[in-house]
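Content type compact mmCIF, C-alpha atoms (C1' of nucleotides), from the file input_0.txt:
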```txt
# COMPACT_ATOMS: atom_id res chain seq x y z
CA MET C 1176 -195.25 -201.20 -88.26
CA ALA C 1177 -196.95 -200.82 -91.61
CA ARG C 1178 -199.10 -197.92 -92.63
CA PRO C 1179 -199.74 -195.41 -89.86
CA ARG C 1180 -203.03 -193.77 -89.05
CA THR C 1181 -203.64 -190.41 -90.76
CA PHE C 1182 -205.88 -188.99 -88.03
CA ASP C 1183 -205.46 -188.43 -84.31
CA THR C 1184 -207.69 -190.83 -82.41
CA GLU C 1185 -208.03 -188.58 -79.38
CA SER C 1186 -209.01 -185.45 -81.29
CA ALA C 1187 -211.55 -187.50 -83.23
CA VAL C 1188 -213.00 -188.60 -79.89
CA ALA C 1189 -213.16 -184.95 -78.87
CA ALA C 1190 -215.04 -184.12 -82.07
CA SER C 1191 -217.50 -186.94 -81.46
CA ILE C 1192 -218.54 -185.30 -78.18
CA ASP C 1193 -220.08 -182.39 -80.07
CA VAL C 1194 -222.28 -184.81 -81.97
CA PHE C 1195 -223.18 -187.14 -79.11
CA ARG C 1196 -224.06 -184.40 -76.64
CA ARG C 1197 -226.50 -182.72 -79.02
CA ARG C 1198 -228.19 -185.74 -80.58
CA GLY C 1199 -227.75 -188.23 -77.76
CA TYR C 1200 -226.38 -191.76 -77.97
CA ARG C 1201 -229.33 -193.29 -79.77
CA GLY C 1202 -229.90 -190.22 -81.93
CA THR C 1203 -226.36 -190.32 -83.29
CA SER C 1204 -225.68 -192.80 -86.08
CA ILE C 1205 -222.29 -194.13 -87.06
CA ARG C 1206 -222.73 -192.37 -90.39
CA ASP C 1207 -223.43 -189.07 -88.62
CA LEU C 1208 -220.11 -189.50 -86.85
CA SER C 1209 -218.40 -190.51 -90.09
CA THR C 1210 -219.57 -187.28 -91.70
CA HIS C 1211 -218.70 -184.96 -88.80
CA LEU C 1212 -215.35 -186.54 -88.03
CA GLY C 1213 -214.38 -186.98 -91.69
CA LEU C 1214 -213.58 -190.63 -91.12
CA SER C 1215 -214.70 -193.72 -92.94
CA LEU C 1216 -216.68 -196.40 -91.18
CA SER C 1217 -213.83 -198.87 -91.25
CA SER C 1218 -211.42 -196.35 -89.75
CA MET C 1219 -213.74 -195.72 -86.87
CA TYR C 1220 -214.42 -199.38 -86.21
CA ARG C 1221 -210.75 -200.22 -86.37
CA ALA C 1222 -209.87 -197.41 -83.94
CA TYR C 1223 -212.72 -197.71 -81.43
CA GLY C 1224 -214.23 -201.16 -81.78
CA ASP C 1225 -217.86 -200.15 -82.03
CA LYS C 1226 -220.27 -197.29 -81.38
CA HIS C 1227 -220.52 -198.07 -77.69
CA GLY C 1228 -216.74 -198.09 -77.37
CA LEU C 1229 -216.43 -194.70 -79.01
CA PHE C 1230 -219.18 -193.38 -76.76
CA LEU C 1231 -217.31 -194.51 -73.64
CA ARG C 1232 -214.14 -192.94 -75.02
CA ALA C 1233 -216.09 -189.73 -75.54
CA LEU C 1234 -217.36 -189.79 -71.95
CA ASP C 1235 -213.82 -190.39 -70.69
CA HIS C 1236 -212.47 -187.56 -72.79
CA TYR C 1237 -215.20 -185.24 -71.55
CA ARG C 1238 -214.34 -186.03 -67.96
CA HIS C 1239 -210.64 -185.43 -68.58
CA THR C 1240 -211.24 -182.10 -70.27
CA GLU C 1241 -214.46 -180.19 -69.64
CA SER C 1242 -215.39 -181.80 -66.33
CA THR C 1243 -211.86 -181.34 -65.05
CA GLN C 1244 -211.80 -177.72 -66.23
CA GLY C 1245 -215.11 -177.20 -64.46
CA CYS C 1246 -213.57 -178.54 -61.28
CA GLU C 1247 -210.56 -176.26 -61.65
CA LEU C 1248 -212.85 -173.34 -62.28
CA PHE C 1249 -214.04 -173.71 -58.70
CA LEU C 1250 -210.61 -174.48 -57.29
CA GLU C 1251 -209.38 -171.20 -58.75
CA SER C 1252 -212.54 -169.29 -57.96
CA GLU C 1253 -212.23 -166.17 -55.85
CA ALA C 1254 -213.69 -166.87 -52.40
CA THR C 1255 -216.46 -164.31 -52.60
CA VAL C 1256 -220.14 -164.46 -53.55
CA ASP C 1257 -219.37 -162.68 -56.81
CA GLY C 1258 -216.47 -164.98 -57.54
CA LEU C 1259 -218.58 -168.08 -56.99
CA CYS C 1260 -221.38 -166.72 -59.15
CA ARG C 1261 -218.93 -165.94 -61.93
CA SER C 1262 -217.56 -169.48 -61.81
CA LEU C 1263 -221.05 -170.96 -61.81
CA ALA C 1264 -222.08 -168.83 -64.77
CA ALA C 1265 -218.90 -169.70 -66.63
CA MET C 1266 -219.54 -173.41 -66.18
CA VAL C 1267 -223.24 -173.36 -66.95
CA LEU C 1268 -223.26 -170.88 -69.82
CA ALA C 1269 -219.92 -171.78 -71.37
CA GLU C 1270 -219.83 -171.20 -75.12
CA GLU C 1271 -223.31 -172.37 -76.00
CA ASP C 1272 -224.93 -171.82 -79.36
CA PRO C 1273 -228.21 -170.04 -78.46
CA ASP C 1274 -230.02 -171.74 -81.36
CA ASP C 1275 -228.83 -175.24 -80.52
CA PRO C 1276 -227.55 -175.37 -76.95
CA ALA C 1277 -225.67 -178.57 -76.26
CA GLY C 1278 -225.82 -178.59 -72.48
CA CYS C 1279 -223.62 -180.89 -70.43
CA PHE C 1280 -222.64 -184.17 -72.07
CA ALA C 1281 -222.72 -186.09 -68.80
CA ILE C 1282 -226.10 -184.70 -67.77
CA ASN C 1283 -227.70 -185.29 -71.15
CA THR C 1284 -226.37 -188.82 -71.13
CA ALA C 1285 -227.62 -189.50 -67.61
CA ALA C 1286 -231.07 -188.27 -68.60
CA GLU C 1287 -231.15 -190.29 -71.80
CA LEU C 1288 -229.84 -193.61 -70.55
CA GLY C 1289 -230.75 -193.54 -66.87
CA ARG C 1290 -229.33 -196.61 -65.16
CA THR C 1291 -229.60 -198.94 -68.13
CA ASP C 1292 -225.86 -199.04 -68.86
CA ALA C 1293 -223.49 -199.57 -65.93
CA SER C 1294 -220.36 -198.56 -67.84
CA VAL C 1295 -222.05 -195.28 -68.75
CA VAL C 1296 -223.36 -194.60 -65.24
CA GLU C 1297 -219.87 -195.13 -63.85
CA ARG C 1298 -218.53 -192.41 -66.13
CA THR C 1299 -221.29 -189.85 -65.68
CA GLU C 1300 -221.03 -190.25 -61.92
CA ALA C 1301 -217.27 -189.76 -62.11
CA ALA C 1302 -217.87 -186.50 -64.00
CA PHE C 1303 -220.39 -185.42 -61.37
CA GLY C 1304 -217.82 -186.24 -58.69
CA LEU C 1305 -215.36 -183.79 -60.22
CA THR C 1306 -217.92 -181.02 -60.09
CA ARG C 1307 -218.67 -181.79 -56.45
CA ALA C 1308 -214.98 -181.83 -55.61
CA GLY C 1309 -214.50 -178.36 -57.05
CA LEU C 1310 -217.59 -177.08 -55.29
CA ARG C 1311 -216.42 -178.52 -51.98
CA ASP C 1312 -213.16 -176.62 -52.26
CA VAL C 1313 -214.66 -173.22 -52.90
CA ALA C 1314 -217.47 -173.81 -50.40
CA GLN C 1315 -214.95 -174.69 -47.72
CA ARG C 1316 -213.00 -171.52 -48.43
CA LEU C 1317 -216.16 -169.43 -48.39
CA HIS C 1318 -217.11 -170.99 -45.08
CA GLU C 1319 -213.74 -170.39 -43.52
CA ASN C 1320 -213.44 -166.76 -44.58
CA GLY C 1321 -216.89 -165.95 -43.24
CA THR C 1322 -218.60 -165.28 -46.54
CA LEU C 1323 -221.15 -167.98 -45.84
CA ARG C 1324 -223.57 -167.79 -42.98
CA PRO C 1325 -221.76 -169.38 -40.04
CA ASP C 1326 -224.69 -171.67 -39.15
CA CYS C 1327 -224.94 -173.45 -42.49
CA GLU C 1328 -223.19 -176.70 -43.24
CA VAL C 1329 -220.69 -176.81 -46.09
CA ASP C 1330 -221.88 -180.20 -47.29
CA ALA C 1331 -225.44 -178.94 -47.57
CA PHE C 1332 -224.27 -175.96 -49.62
CA VAL C 1333 -222.22 -178.20 -51.91
CA ASP C 1334 -225.12 -180.58 -52.42
CA THR C 1335 -227.49 -177.72 -53.18
CA LEU C 1336 -225.10 -176.12 -55.67
CA PHE C 1337 -224.51 -179.44 -57.38
CA THR C 1338 -228.22 -180.04 -57.77
CA LEU C 1339 -228.71 -176.49 -59.00
CA ILE C 1340 -226.01 -176.94 -61.62
CA LEU C 1341 -227.85 -179.96 -63.00
CA GLY C 1342 -230.96 -177.82 -63.22
CA TRP C 1343 -229.28 -174.81 -64.76
CA ARG C 1344 -227.53 -176.85 -67.41
CA LEU C 1345 -230.78 -178.56 -68.25
CA ARG C 1346 -232.44 -175.17 -68.54
CA VAL C 1347 -229.68 -174.01 -70.88
CA ARG C 1348 -230.19 -177.16 -72.92
CA SER C 1349 -233.92 -176.33 -73.08
CA GLY C 1350 -233.14 -172.89 -74.45
CA HIS C 1351 -233.89 -170.76 -71.40
CA ASP C 1352 -232.61 -167.18 -71.56
CA PRO C 1353 -228.96 -166.93 -70.46
CA ALA C 1354 -229.72 -163.65 -68.69
CA ALA C 1355 -232.43 -165.38 -66.68
CA ILE C 1356 -230.02 -168.19 -65.80
CA ARG C 1357 -227.44 -165.66 -64.69
CA ALA C 1358 -229.98 -163.95 -62.46
CA SER C 1359 -231.08 -167.33 -61.15
CA ILE C 1360 -227.53 -168.12 -60.10
CA VAL C 1361 -227.15 -164.96 -58.06
CA ALA C 1362 -230.58 -165.37 -56.49
CA ALA C 1363 -229.84 -168.94 -55.44
CA VAL C 1364 -226.52 -168.17 -53.80
CA ILE C 1365 -227.51 -165.05 -51.85
CA PRO C 1366 -229.51 -166.82 -49.09
CA TRP C 1367 -226.38 -168.76 -48.15
CA SER C 1368 -224.37 -165.56 -47.80
CA ALA C 1369 -223.67 -164.06 -44.38
CA GLN C 1370 -224.27 -160.58 -45.71
CA ALA C 1371 -227.72 -161.36 -47.04
CA THR C 1372 -229.67 -158.16 -46.38
CA MET F 1236 -270.61 -195.63 -87.50
CA ALA F 1237 -269.29 -199.07 -88.28
CA ARG F 1238 -267.06 -201.10 -86.00
CA PRO F 1239 -266.03 -199.24 -82.86
CA ARG F 1240 -262.56 -199.20 -81.37
CA THR F 1241 -261.91 -201.88 -78.74
CA PHE F 1242 -259.38 -199.87 -76.75
CA ASP F 1243 -259.46 -196.50 -75.05
CA THR F 1244 -257.23 -194.09 -76.94
CA GLU F 1245 -256.50 -191.94 -73.90
CA SER F 1246 -255.51 -194.77 -71.59
CA ALA F 1247 -253.26 -196.14 -74.32
CA VAL F 1248 -251.61 -192.72 -74.49
CA ALA F 1249 -251.16 -192.89 -70.72
CA ALA F 1250 -249.49 -196.28 -71.03
CA SER F 1251 -247.17 -195.00 -73.73
CA ILE F 1252 -245.77 -192.45 -71.28
CA ASP F 1253 -244.21 -195.24 -69.20
CA VAL F 1254 -242.33 -196.42 -72.25
CA PHE F 1255 -241.34 -193.03 -73.66
CA ARG F 1256 -240.09 -191.59 -70.37
CA ARG F 1257 -237.77 -194.52 -69.72
CA ARG F 1258 -236.40 -195.17 -73.19
CA GLY F 1259 -236.75 -191.71 -74.68
CA TYR F 1260 -238.34 -190.73 -77.98
CA ARG F 1261 -235.64 -192.15 -80.21
CA GLY F 1262 -235.06 -195.18 -78.00
CA THR F 1263 -238.70 -196.22 -78.22
CA SER F 1264 -239.77 -198.08 -81.34
CA ILE F 1265 -243.28 -198.41 -82.64
CA ARG F 1266 -243.02 -202.13 -81.99
CA ASP F 1267 -241.98 -201.49 -78.38
CA LEU F 1268 -245.17 -199.50 -78.00
CA SER F 1269 -247.19 -202.14 -79.80
CA THR F 1270 -245.97 -204.73 -77.29
CA HIS F 1271 -246.46 -202.64 -74.17
CA LEU F 1272 -249.83 -201.22 -75.18
CA GLY F 1273 -251.11 -204.51 -76.60
CA LEU F 1274 -252.10 -202.80 -79.83
CA SER F 1275 -251.30 -203.65 -83.41
CA LEU F 1276 -249.35 -201.25 -85.57
CA SER F 1277 -252.35 -200.42 -87.71
CA SER F 1278 -254.46 -199.63 -84.66
CA MET F 1279 -251.86 -197.21 -83.40
CA TYR F 1280 -251.34 -195.50 -86.74
CA ARG F 1281 -255.06 -195.17 -87.28
CA ALA F 1282 -255.57 -193.66 -83.84
CA TYR F 1283 -252.54 -191.36 -83.58
CA GLY F 1284 -251.28 -190.73 -87.09
CA ASP F 1285 -247.63 -191.48 -86.49
CA LYS F 1286 -245.01 -191.90 -83.78
CA HIS F 1287 -244.51 -188.17 -83.41
CA GLY F 1288 -248.24 -187.64 -83.04
CA LEU F 1289 -248.47 -190.22 -80.29
CA PHE F 1290 -245.48 -188.65 -78.56
CA LEU F 1291 -247.14 -185.24 -78.54
CA ARG F 1292 -250.32 -186.83 -77.22
CA ALA F 1293 -248.24 -188.44 -74.48
CA LEU F 1294 -246.69 -185.09 -73.55
CA ASP F 1295 -250.13 -183.49 -73.46
CA HIS F 1296 -251.49 -186.29 -71.29
CA TYR F 1297 -248.54 -186.00 -68.94
CA ARG F 1298 -249.16 -182.28 -68.53
CA HIS F 1299 -252.86 -182.83 -67.87
CA THR F 1300 -252.20 -185.51 -65.26
CA GLU F 1301 -248.83 -185.70 -63.52
CA SER F 1302 -247.74 -182.11 -64.11
CA THR F 1303 -251.12 -180.83 -63.00
CA GLN F 1304 -251.06 -183.06 -59.92
CA GLY F 1305 -247.60 -181.73 -59.17
CA CYS F 1306 -248.95 -178.22 -59.33
CA GLU F 1307 -251.84 -179.10 -57.04
CA LEU F 1308 -249.43 -180.75 -54.65
CA PHE F 1309 -247.98 -177.31 -54.00
CA LEU F 1310 -251.33 -175.54 -54.04
CA GLU F 1311 -252.49 -177.87 -51.26
CA SER F 1312 -249.17 -177.88 -49.47
CA GLU F 1313 -249.14 -176.84 -45.83
CA ALA F 1314 -247.45 -173.44 -45.56
CA THR F 1315 -244.53 -174.59 -43.41
CA VAL F 1316 -240.99 -175.66 -44.15
CA ASP F 1317 -241.90 -179.26 -43.39
CA GLY F 1318 -244.98 -179.05 -45.58
CA LEU F 1319 -243.01 -177.70 -48.50
CA CYS F 1320 -240.31 -180.35 -48.10
CA ARG F 1321 -242.93 -183.08 -48.01
CA SER F 1322 -244.48 -181.78 -51.21
CA LEU F 1323 -241.11 -181.53 -52.91
CA ALA F 1324 -240.18 -185.06 -51.86
CA ALA F 1325 -243.56 -186.36 -52.99
CA MET F 1326 -243.10 -184.83 -56.44
CA VAL F 1327 -239.48 -185.80 -56.91
CA LEU F 1328 -239.53 -189.29 -55.44
CA ALA F 1329 -243.06 -190.28 -56.49
CA GLU F 1330 -243.41 -194.00 -57.10
CA GLU F 1331 -240.09 -194.68 -58.75
CA ASP F 1332 -238.72 -198.13 -59.37
CA PRO F 1333 -235.27 -198.04 -57.69
CA ASP F 1334 -233.82 -200.36 -60.34
CA ASP F 1335 -235.13 -198.42 -63.30
CA PRO F 1336 -236.12 -194.90 -62.21
CA ALA F 1337 -238.13 -193.14 -64.89
CA GLY F 1338 -237.66 -189.56 -63.78
CA CYS F 1339 -239.82 -186.76 -65.15
CA PHE F 1340 -241.12 -187.26 -68.68
CA ALA F 1341 -240.89 -183.56 -69.50
CA ILE F 1342 -237.36 -183.21 -68.15
CA ASN F 1343 -236.07 -186.33 -69.87
CA THR F 1344 -237.61 -185.15 -73.11
CA ALA F 1345 -236.12 -181.66 -72.79
CA ALA F 1346 -232.69 -183.18 -72.19
CA GLU F 1347 -233.00 -185.60 -75.08
CA LEU F 1348 -234.40 -183.31 -77.75
CA GLY F 1349 -233.19 -179.90 -76.64
CA ARG F 1350 -234.66 -177.23 -78.94
CA THR F 1351 -234.75 -179.37 -82.06
CA ASP F 1352 -238.54 -179.79 -82.08
CA ALA F 1353 -240.68 -176.71 -81.50
CA SER F 1354 -243.90 -178.65 -80.87
CA VAL F 1355 -242.10 -180.62 -78.16
CA VAL F 1356 -240.47 -177.58 -76.55
CA GLU F 1357 -243.85 -175.90 -76.36
CA ARG F 1358 -245.21 -178.83 -74.36
CA THR F 1359 -242.28 -179.36 -72.02
CA GLU F 1360 -242.25 -175.64 -71.24
CA ALA F 1361 -245.97 -175.76 -70.53
CA ALA F 1362 -245.35 -178.58 -68.06
CA PHE F 1363 -242.57 -176.58 -66.44
CA GLY F 1364 -244.96 -173.64 -66.19
CA LEU F 1365 -247.39 -175.70 -64.13
CA THR F 1366 -244.67 -176.59 -61.66
CA ARG F 1367 -243.66 -172.94 -61.35
CA ALA F 1368 -247.27 -171.90 -60.83
CA GLY F 1369 -247.67 -174.32 -57.94
CA LEU F 1370 -244.39 -173.24 -56.43
CA ARG F 1371 -245.37 -169.59 -56.70
CA ASP F 1372 -248.53 -170.23 -54.72
CA VAL F 1373 -246.90 -172.00 -51.81
CA ALA F 1374 -243.92 -169.61 -51.84
CA GLN F 1375 -246.26 -166.64 -51.63
CA ARG F 1376 -248.08 -168.20 -48.69
CA LEU F 1377 -244.80 -168.98 -46.95
CA HIS F 1378 -243.68 -165.43 -47.49
CA GLU F 1379 -246.89 -163.92 -46.18
CA ASN F 1380 -247.05 -166.04 -43.03
CA GLY F 1381 -243.46 -165.22 -42.15
CA THR F 1382 -241.98 -168.66 -42.66
CA LEU F 1383 -239.52 -167.31 -45.20
CA ARG F 1384 -236.88 -164.79 -44.34
CA PRO F 1385 -238.55 -161.40 -44.81
CA ASP F 1386 -235.71 -160.04 -46.95
CA CYS F 1387 -235.83 -162.67 -49.67
CA GLU F 1388 -237.82 -162.28 -52.85
CA VAL F 1389 -240.55 -164.78 -53.61
CA ASP F 1390 -239.65 -164.92 -57.30
CA ALA F 1391 -236.06 -165.79 -56.48
CA PHE F 1392 -237.21 -168.59 -54.19
CA VAL F 1393 -239.57 -169.95 -56.82
CA ASP F 1394 -236.87 -169.86 -59.47
CA THR F 1395 -234.40 -171.62 -57.20
CA LEU F 1396 -236.88 -174.33 -56.23
CA PHE F 1397 -237.81 -174.88 -59.86
CA THR F 1398 -234.17 -175.29 -60.86
CA LEU F 1399 -233.57 -177.59 -57.90
CA ILE F 1400 -236.50 -179.78 -58.91
CA LEU F 1401 -234.96 -180.26 -62.35
CA GLY F 1402 -231.74 -181.32 -60.63
CA TRP F 1403 -233.38 -183.61 -58.11
CA ARG F 1404 -235.44 -185.38 -60.72
CA LEU F 1405 -232.37 -185.87 -62.85
CA ARG F 1406 -230.56 -187.29 -59.85
CA VAL F 1407 -233.43 -189.70 -59.25
CA ARG F 1408 -233.26 -190.69 -62.90
CA SER F 1409 -229.52 -191.31 -62.44
CA GLY F 1410 -230.19 -193.64 -59.55
CA HIS F 1411 -229.10 -191.44 -56.65
CA ASP F 1412 -230.16 -192.63 -53.21
CA PRO F 1413 -233.70 -191.45 -52.35
CA ALA F 1414 -232.60 -190.83 -48.76
CA ALA F 1415 -229.86 -188.54 -50.01
CA ILE F 1416 -232.33 -186.70 -52.21
CA ARG F 1417 -234.68 -186.28 -49.27
CA ALA F 1418 -231.86 -184.84 -47.16
CA SER F 1419 -230.86 -182.61 -50.06
CA ILE F 1420 -234.36 -181.15 -50.21
CA VAL F 1421 -234.38 -180.18 -46.55
CA ALA F 1422 -230.87 -178.77 -46.74
CA ALA F 1423 -231.72 -176.63 -49.76
CA VAL F 1424 -234.85 -175.10 -48.25
CA ILE F 1425 -233.53 -174.28 -44.77
CA PRO F 1426 -231.43 -171.24 -45.76
CA TRP F 1427 -234.58 -169.56 -47.06
CA SER F 1428 -236.36 -170.11 -43.77
CA ALA F 1429 -236.68 -167.29 -41.25
CA GLN F 1430 -236.01 -169.65 -38.38
CA ALA F 1431 -232.72 -170.88 -39.79
CA THR F 1432 -230.59 -171.40 -36.74
C1' DT A 394 -280.51 -209.24 -93.51
C1' DT A 395 -277.86 -206.26 -96.30
C1' DG A 396 -274.46 -202.92 -97.69
C1' DA A 397 -271.27 -199.58 -96.09
C1' DT A 398 -267.69 -198.68 -93.16
C1' DT A 399 -264.16 -199.16 -89.79
C1' DC A 400 -261.55 -202.13 -86.99
C1' DG A 401 -257.44 -205.22 -85.79
C1' DG A 402 -253.72 -208.49 -87.31
C1' DG A 403 -250.02 -209.25 -90.01
C1' DA A 404 -247.32 -209.11 -94.18
C1' DT A 405 -244.65 -205.89 -96.39
C1' DC A 406 -242.53 -201.55 -97.95
C1' DG A 407 -238.16 -198.66 -98.61
C1' DA A 408 -234.83 -196.53 -95.60
C1' DT A 409 -231.57 -196.69 -92.26
C1' DC A 410 -229.39 -198.92 -88.46
C1' DG A 411 -224.73 -201.04 -86.56
C1' DT A 412 -221.43 -203.87 -88.32
C1' DT A 413 -218.46 -206.69 -91.41
C1' DC A 414 -215.89 -207.63 -95.38
C1' DC A 415 -213.01 -206.94 -99.41
C1' DC A 416 -209.76 -204.60 -101.91
C1' DT A 417 -206.37 -201.20 -102.91
C1' DA A 418 -202.98 -197.83 -101.18
C1' DA A 419 -199.51 -196.76 -98.13
C1' DT A 420 -195.85 -197.57 -94.98
C1' DC A 421 -193.06 -200.38 -92.25
C1' DG A 422 -188.63 -203.70 -91.33
C1' DG A 423 -185.08 -206.02 -93.68
C1' DC K 549 -186.54 -203.25 -103.48
C1' DC K 550 -189.71 -206.57 -101.23
C1' DG K 551 -192.76 -209.06 -98.31
C1' DA K 552 -195.59 -208.19 -94.34
C1' DT K 553 -198.91 -205.54 -92.32
C1' DT K 554 -202.15 -202.01 -91.56
C1' DA K 555 -205.04 -197.86 -93.08
C1' DG K 556 -208.86 -196.28 -95.62
C1' DG K 557 -212.80 -196.34 -98.98
C1' DG K 558 -216.90 -198.34 -100.09
C1' DA K 559 -219.97 -202.17 -101.05
C1' DA K 560 -222.66 -205.18 -98.62
C1' DC K 561 -224.68 -207.84 -94.64
C1' DG K 562 -228.78 -208.96 -91.63
C1' DA K 563 -231.68 -206.53 -88.49
C1' DT K 564 -234.69 -203.13 -87.38
C1' DC K 565 -236.67 -198.70 -88.16
C1' DG K 566 -241.21 -195.89 -89.20
C1' DA K 567 -244.87 -196.40 -92.06
C1' DT K 568 -248.29 -198.55 -95.44
C1' DC K 569 -251.28 -201.90 -97.34
C1' DC K 570 -254.38 -205.73 -97.60
C1' DC K 571 -257.85 -208.58 -95.83
C1' DG K 572 -261.09 -210.88 -92.92
C1' DA K 573 -263.94 -209.70 -88.79
C1' DA K 574 -267.05 -206.77 -86.55
C1' DT K 575 -270.50 -203.25 -86.15
C1' DC K 576 -273.18 -199.66 -87.77
C1' DA K 577 -277.71 -197.65 -90.44
C1' DA K 578 -281.36 -199.10 -93.23
```

Structure encoded using structure tokens:
Amino acid sequence: MARPRTFDTESAVAASIDVFRRRGYRGTSIRDLSTHLGLSLSSMYRAYGDKHGLFLRALDHYRHTESTQGCELFLESEATVDGLCRSLAAMVLAEEDPDDPAGCFAINTAAELGRTDASVVERTEAAFGLTRAGLRDVAQRLHENGTLRPDCEVDAFVDTLFTLILGWRLRVRSGHDPAAIRASIVAAVIPWSAQAT
Amino acid sequence: MARPRTFDTESAVAASIDVFRRRGYRGTSIRDLSTHLGLSLSSMYRAYGDKHGLFLRALDHYRHTESTQGCELFLESEATVDGLCRSLAAMVLAEEDPDDPAGCFAINTAAELGRTDASVVERTEAAFGLTRAGLRDVAQRLHENGTLRPDCEVDAFVDTLFTLILGWRLRVRSGHDPAAIRASIVAAVIPWSAQAT
DNA sequence: TTGATTCGGGATCGATCGTTCCCTAATCGG
DNA sequence: CCGATTAGGGAACGATCGATCCCGAATCAA
């Protein structure tokens, strides 16, 4: 009833991610968001409650979109060393501005807020879980088709790749050369391959 | 001449690191620092200029102490798989409060500020360089004494370990189980070992 | 001791923070 | 068309931000 909203709440949440992930939670002011989203303060408070509420919505949206796409990237990855490396590079280097790399929203948030906010930790860990789930799928397929060295454990490979992804995305965020990251990916995977020369 | 300072500027810088690394640059207020360091605002401004100046001093101090000790940890590391894993665990899990893990000051800062501040990037990269230098030393020794698989390149191993360290320290910061991190370290190194079963 | 100088504590500055409130415009059901 | 209700713009709130200033206390050289 009464006057309807003139903006889409979910797409505004999506837009807020671009601000939060670059400037961080504390580094982003409500007025920053107002400017970038083109919304007034009252509209935002009416729609999301407060800054913390919008931030949680942003983390949820990120998990439902980018984190989920990252998971699917591995689910659909070709079960070869090259295929895995391509998926890893696609996730880590995805559409970053070289002058102002945003990195991963979940990772940046985990680094900024640590364990201080339980509702935030819950969401970043859920995003991490999606990445691990995708990795487990492709790792299992690589193990079964003999691409991986037969003696190595799949869980160990998954855990190593997950940890490496955190590192690579942090390196991207720090401005490290994408070509170097790409080379780093290949170099890190090769020792797990059965055909390592 | 005149009245001398009643506090040691360098040890106050050291104390500021504990605050900055947990709360971040933007999450730490001058009054937070005043409380934790036991100094008045005027004392801090007189000694360090401004908040940014103190932050750079803190980054410099961190590099000269913890980053350098991290480097030496690898320089003095026994040239075995176990020795390397012990050094990695010592660096990554060093004296963290399980309830409020601080993580690595340089890594947290890189994640928070990205490439927005050149004087900060310069310092975090210098800290990273120390870690890589230590890793290169122990990796070279492991390569020469045949602990590593003869076909793998030392540079690739160093790059992988460096990236893994970023990931492990971020996982510690996120509150991941230290036992799991310890297991992750061993699992990640084994495939590079010549005696991998 | 004296005069110059710097220290430390605290009040205070303007700016900005997250948030609330008020008021008008717009859209609903009837 | 009309009364109810909500959206949106913007002023304003108290709190806190980084930073400055003032002043009495302390320590120097002479």

Find the residues of chain A that sit at most 12 Å from chain F; for each, write down the nearest two atoms and how far apart they are in Å, to one decimal. Count all atoms listed in the file. Sort by chain, then by number going up, and give it as a tab-separated table.
```
residue	atom	partner	partner_atom	distance
A:DG396	C1'	F:Ala1237	CA	11.4
A:DA397	C1'	F:Ala1237	CA	8.1
A:DT398	C1'	F:Ala1237	CA	5.2
A:DT399	C1'	F:Arg1238	CA	5.2
A:DC400	C1'	F:Arg1238	CA	5.7
A:DG401	C1'	F:Ser1278	CA	6.4
A:DG402	C1'	F:Ser1275	CA	6.7
A:DG403	C1'	F:Ser1275	CA	8.7
A:DA404	C1'	F:Leu1276	CA	11.8
```

Per-residue nearest contacts chain K to chain C, cut-off 7 Å, using only C-alpha atoms (C1' of nucleotides), as a tab-separated table:
```
residue	atom	partner	partner_atom	distance
K:DT553	C1'	C:Ala1177	CA	5.2
K:DT554	C1'	C:Arg1178	CA	5.2
K:DA555	C1'	C:Arg1178	CA	6.0
K:DG556	C1'	C:Ser1218	CA	6.4
K:DG557	C1'	C:Ser1215	CA	6.9
```

Within 8 Å of chain F, which residues of chain C come that close, and what is the closest atom pair and distance in Å for each? Count all atoms listed in the file and give it as CSV.
```
residue,atom,partner,partner_atom,distance
C:Arg1197,CA,F:Gly1349,CA,7.6
C:Arg1198,CA,F:Leu1348,CA,7.2
C:Gly1199,CA,F:Glu1347,CA,6.5
C:Arg1201,CA,F:Gly1262,CA,6.3
C:Gly1202,CA,F:Arg1261,CA,6.3
C:Asp1274,CA,F:Arg1350,CA,7.6
C:Asp1275,CA,F:Arg1350,CA,6.4
C:Pro1276,CA,F:Gly1349,CA,7.2
C:Ala1277,CA,F:Gly1349,CA,7.6
C:Asn1283,CA,F:Ala1346,CA,5.5
C:Ala1285,CA,F:Ser1409,CA,5.8
C:Ala1286,CA,F:Asn1343,CA,5.5
C:Glu1287,CA,F:Glu1347,CA,6.0
C:Leu1288,CA,F:Arg1258,CA,7.2
C:Gly1289,CA,F:Ser1409,CA,5.1
C:Arg1290,CA,F:Ser1409,CA,6.0
C:Thr1291,CA,F:Asp1335,CA,7.4
C:Val1296,CA,F:Ser1409,CA,7.5
C:Asp1326,CA,F:Thr1432,CA,6.4
C:Cys1327,CA,F:Pro1426,CA,7.6
C:Ala1331,CA,F:Ala1422,CA,5.5
C:Phe1332,CA,F:Ala1423,CA,7.5
C:Asp1334,CA,F:Ser1419,CA,6.5
C:Thr1335,CA,F:Ala1423,CA,5.5
C:Thr1338,CA,F:Gly1402,CA,4.7
C:Leu1339,CA,F:Leu1399,CA,5.1
C:Ile1340,CA,F:Gly1402,CA,7.3
C:Leu1341,CA,F:Gly1402,CA,4.8
C:Gly1342,CA,F:Gly1402,CA,4.4
C:Trp1343,CA,F:Thr1398,CA,6.3
C:Leu1345,CA,F:Ala1346,CA,6.4
C:Arg1346,CA,F:Thr1398,CA,7.9
C:Arg1348,CA,F:Gly1349,CA,5.5
C:Ser1349,CA,F:Gly1349,CA,5.1
C:Gly1350,CA,F:Arg1350,CA,6.4
C:Ser1359,CA,F:Asp1394,CA,6.5
C:Ala1362,CA,F:Ala1391,CA,5.5
C:Ala1363,CA,F:Thr1395,CA,5.6
C:Pro1366,CA,F:Pro1426,CA,5.9
C:Trp1367,CA,F:Pro1426,CA,6.1
C:Thr1372,CA,F:Asp1386,CA,6.4
```
